[in-house]
Amino acid sequence: MNENLQDKLDREGLKIASFFKRALAYTIDEFLLSCIVFVIFFNEFQKMSDPLEAVRILGNFSLGLFVLQFSYHTIFTALYGASLGKMVCKIIVIDKQLLDKPNWTQSCIRALIRQFSGMAFMLGFAWALGNNLRKTWQDYLARTVVVDVA
């Protein structure tokens, strides 16, 4: 029997996470990662004589920032089904077939596509506004969905 995803979620008592909660979780995660970057470069930021130097410093760290974000999202999603921001908002990522946390491959795909979505003017996130399951590009490609846990 080929049950549609919404029916499957309803049967299990799972509710799709709101766009607001997802956006709030995103904001929390970005804030936490920004704090980590600030701590890493604190000494260099103190030595700056002009604000444009911060752009140069962070520009030189762009690959490191990509790796930091990718690692953060991959590890937390694979281990817990949620980043710290999602945990605070009480939402989790689940595999749409198993209705359990994503495996490592799915977590890597989600993290990678999330990065590209961010680089594409957040279009992958905006995609969630146009469908009932609020699925972003990373959800479609990793075969996941984000649901409320409270």
# chains A, B, ... in the order shown; residues from 1 in each chain; ligands from 1

$ residues_around --residues "stretch 71-88 of chain A" --least-positions-apart "5" --cutoff "6 Å" --atoms "only C-alpha atoms" --output "PyMOL selection string"
chain A and resi 25+28-29+93+101-104+107-108+111

$ residues_around --residues "A:Met122" --least-positions-apart "3" --cutoff "12 Å" --atoms "only C-alpha atoms" --output "PyMOL selection string"
chain A and resi 23+26+113-119+125-129+136-138

$ atom_distance --atom1 "atom CA of A:Leu52" --atom2 "atom CA of A:Val39"
18.5 Å

$ closest_residue --among "A:Val149, A:Lys8, A:Asn131, A:Glu44" --to "A:Arg56" --atoms "only C-alpha atoms"
A:Glu44

$ select_by_dssp --residues "stretch 3-114 of chain A" --states "helix (DSSP H, G or I)" --output "count of residues only"
80

$ residues_around --residues "A:Lys21" --least-positions-apart "3" --cutoff "9 Å" --atoms "only C-alpha atoms" --output "number ranges by chain"
A: 17-18, 24-26, 86, 89-91, 148

$ closest_residue --among "A:Leu141, A:Phe45, A:Phe19, A:Phe121" --to "A:Thr105" --atoms "only C-alpha atoms"
A:Leu141

$ atom_distance --atom1 "atom CA of A:Thr144" --atom2 "atom CA of A:Asp10"
15.8 Å

$ atom_distance --atom1 "atom CA of A:Gln6" --atom2 "atom CA of A:Ala120"
28.5 Å

$ select_by_dssp --residues "chain A" --states "strand (DSSP E or B)" --output "tab-separated table (two decimals) with C-alpha atoms, in the first residue's frame"
chain	number	residue	atom	x	y	z
A	16	ILE	CA	4.46	19.52	10.32
A	91	ILE	CA	11.13	20.58	16.08
A	92	ILE	CA	13.02	17.66	14.53
A	93	VAL	CA	14.03	16.36	11.14
A	94	ILE	CA	12.78	12.88	10.30
A	95	ASP	CA	13.22	10.46	7.42
A	144	THR	CA	13.10	14.25	5.06
A	145	VAL	CA	10.42	16.34	6.71
A	146	VAL	CA	10.48	18.63	9.77
A	147	VAL	CA	7.89	18.01	12.46
A	148	ASP	CA	6.88	19.41	15.85

$ residues_around --residues "A:Ser34" --least-positions-apart "5" --cutoff "12 Å" --atoms "only C-alpha atoms" --output "NGL selection string"
:A and (27-29 or 39-42 or 58 or 65 or 68-69)

$ write_last_selection --atoms "C-alpha atoms" --output "short mmCIF file (atom, residue, chain, number, x, y, z; two decimals), in the first residue's frame"
data_model
loop_
_atom_site.label_atom_id
_atom_site.label_comp_id
_atom_site.auth_asym_id
_atom_site.auth_seq_id
_atom_site.Cartn_x
_atom_site.Cartn_y
_atom_site.Cartn_z
CA THR A 27 18.07 32.30 13.20
CA ILE A 28 19.19 30.65 16.45
CA ASP A 29 21.61 28.36 14.61
CA VAL A 39 35.31 33.73 19.40
CA ILE A 40 37.69 32.22 16.83
CA PHE A 41 38.60 35.64 15.40
CA PHE A 42 38.25 37.71 18.56
CA LEU A 58 35.82 36.67 7.16
CA LEU A 65 32.79 28.87 7.53
CA LEU A 68 31.86 24.73 10.12
CA GLN A 69 28.21 25.08 9.07
#

$ decode --residues "stretch 18-44 of chain A" --atoms "N, CA and C atoms" --output "PDB file, in the first residue's frame"
ATOM      1  N   SER A  18       5.843  24.532  11.804  1.00  0.00           N
ATOM      2  CA  SER A  18       5.452  25.778  11.134  1.00  0.00           C
ATOM      3  C   SER A  18       6.669  26.455  10.506  1.00  0.00           C
ATOM      4  N   PHE A  19       6.399  27.278   9.509  1.00  0.00           N
ATOM      5  CA  PHE A  19       7.477  28.037   8.867  1.00  0.00           C
ATOM      6  C   PHE A  19       8.125  28.961   9.892  1.00  0.00           C
ATOM      7  N   PHE A  20       7.315  29.533  10.778  1.00  0.00           N
ATOM      8  CA  PHE A  20       7.850  30.426  11.810  1.00  0.00           C
ATOM      9  C   PHE A  20       8.862  29.707  12.695  1.00  0.00           C
ATOM     10  N   LYS A  21       8.517  28.494  13.151  1.00  0.00           N
ATOM     11  CA  LYS A  21       9.442  27.745  14.010  1.00  0.00           C
ATOM     12  C   LYS A  21      10.726  27.406  13.260  1.00  0.00           C
ATOM     13  N   ARG A  22      10.596  27.046  12.000  1.00  0.00           N
ATOM     14  CA  ARG A  22      11.788  26.729  11.204  1.00  0.00           C
ATOM     15  C   ARG A  22      12.661  27.959  11.016  1.00  0.00           C
ATOM     16  N   ALA A  23      12.033  29.108  10.761  1.00  0.00           N
ATOM     17  CA  ALA A  23      12.794  30.351  10.584  1.00  0.00           C
ATOM     18  C   ALA A  23      13.472  30.756  11.894  1.00  0.00           C
ATOM     19  N   LEU A  24      12.769  30.577  13.004  1.00  0.00           N
ATOM     20  CA  LEU A  24      13.358  30.894  14.308  1.00  0.00           C
ATOM     21  C   LEU A  24      14.545  29.964  14.599  1.00  0.00           C
ATOM     22  N   ALA A  25      14.401  28.679  14.307  1.00  0.00           N
ATOM     23  CA  ALA A  25      15.494  27.717  14.509  1.00  0.00           C
ATOM     24  C   ALA A  25      16.696  28.095  13.647  1.00  0.00           C
ATOM     25  N   TYR A  26      16.436  28.495  12.418  1.00  0.00           N
ATOM     26  CA  TYR A  26      17.498  28.936  11.507  1.00  0.00           C
ATOM     27  C   TYR A  26      18.240  30.129  12.108  1.00  0.00           C
ATOM     28  N   THR A  27      17.482  31.094  12.611  1.00  0.00           N
ATOM     29  CA  THR A  27      18.075  32.300  13.196  1.00  0.00           C
ATOM     30  C   THR A  27      18.927  31.952  14.414  1.00  0.00           C
ATOM     31  N   ILE A  28      18.430  31.077  15.263  1.00  0.00           N
ATOM     32  CA  ILE A  28      19.186  30.655  16.455  1.00  0.00           C
ATOM     33  C   ILE A  28      20.482  29.969  16.042  1.00  0.00           C
ATOM     34  N   ASP A  29      20.409  29.062  15.071  1.00  0.00           N
ATOM     35  CA  ASP A  29      21.612  28.361  14.608  1.00  0.00           C
ATOM     36  C   ASP A  29      22.633  29.331  14.019  1.00  0.00           C
ATOM     37  N   GLU A  30      22.165  30.264  13.217  1.00  0.00           N
ATOM     38  CA  GLU A  30      23.086  31.237  12.614  1.00  0.00           C
ATOM     39  C   GLU A  30      23.731  32.109  13.690  1.00  0.00           C
ATOM     40  N   PHE A  31      22.953  32.474  14.707  1.00  0.00           N
ATOM     41  CA  PHE A  31      23.500  33.268  15.812  1.00  0.00           C
ATOM     42  C   PHE A  31      24.585  32.476  16.547  1.00  0.00           C
ATOM     43  N   LEU A  32      24.304  31.213  16.850  1.00  0.00           N
ATOM     44  CA  LEU A  32      25.292  30.376  17.553  1.00  0.00           C
ATOM     45  C   LEU A  32      26.568  30.217  16.729  1.00  0.00           C
ATOM     46  N   LEU A  33      26.411  29.959  15.444  1.00  0.00           N
ATOM     47  CA  LEU A  33      27.595  29.799  14.588  1.00  0.00           C
ATOM     48  C   LEU A  33      28.359  31.116  14.474  1.00  0.00           C
ATOM     49  N   SER A  34      27.652  32.240  14.434  1.00  0.00           N
ATOM     50  CA  SER A  34      28.311  33.546  14.392  1.00  0.00           C
ATOM     51  C   SER A  34      29.107  33.794  15.673  1.00  0.00           C
ATOM     52  N   CYS A  35      28.565  33.369  16.799  1.00  0.00           N
ATOM     53  CA  CYS A  35      29.287  33.505  18.074  1.00  0.00           C
ATOM     54  C   CYS A  35      30.576  32.686  18.062  1.00  0.00           C
ATOM     55  N   ILE A  36      30.492  31.482  17.503  1.00  0.00           N
ATOM     56  CA  ILE A  36      31.692  30.638  17.400  1.00  0.00           C
ATOM     57  C   ILE A  36      32.739  31.326  16.539  1.00  0.00           C
ATOM     58  N   VAL A  37      32.328  31.865  15.406  1.00  0.00           N
ATOM     59  CA  VAL A  37      33.263  32.563  14.518  1.00  0.00           C
ATOM     60  C   VAL A  37      33.836  33.791  15.227  1.00  0.00           C
ATOM     61  N   PHE A  38      33.013  34.518  15.956  1.00  0.00           N
ATOM     62  CA  PHE A  38      33.483  35.689  16.689  1.00  0.00           C
ATOM     63  C   PHE A  38      34.557  35.301  17.705  1.00  0.00           C
ATOM     64  N   VAL A  39      34.325  34.194  18.411  1.00  0.00           N
ATOM     65  CA  VAL A  39      35.310  33.732  19.395  1.00  0.00           C
ATOM     66  C   VAL A  39      36.615  33.341  18.697  1.00  0.00           C
ATOM     67  N   ILE A  40      36.505  32.645  17.574  1.00  0.00           N
ATOM     68  CA  ILE A  40      37.692  32.217  16.829  1.00  0.00           C
ATOM     69  C   ILE A  40      38.529  33.418  16.410  1.00  0.00           C
ATOM     70  N   PHE A  41      37.881  34.482  15.945  1.00  0.00           N
ATOM     71  CA  PHE A  41      38.601  35.637  15.400  1.00  0.00           C
ATOM     72  C   PHE A  41      38.626  36.841  16.348  1.00  0.00           C
ATOM     73  N   PHE A  42      38.321  36.614  17.604  1.00  0.00           N
ATOM     74  CA  PHE A  42      38.248  37.714  18.562  1.00  0.00           C
ATOM     75  C   PHE A  42      39.520  38.567  18.567  1.00  0.00           C
ATOM     76  N   ASN A  43      40.668  37.932  18.641  1.00  0.00           N
ATOM     77  CA  ASN A  43      41.932  38.684  18.685  1.00  0.00           C
ATOM     78  C   ASN A  43      42.138  39.522  17.436  1.00  0.00           C
ATOM     79  N   GLU A  44      41.797  38.955  16.281  1.00  0.00           N
ATOM     80  CA  GLU A  44      41.969  39.712  15.042  1.00  0.00           C
ATOM     81  C   GLU A  44      40.974  40.862  14.937  1.00  0.00           C
TER      82      GLU A  44
END
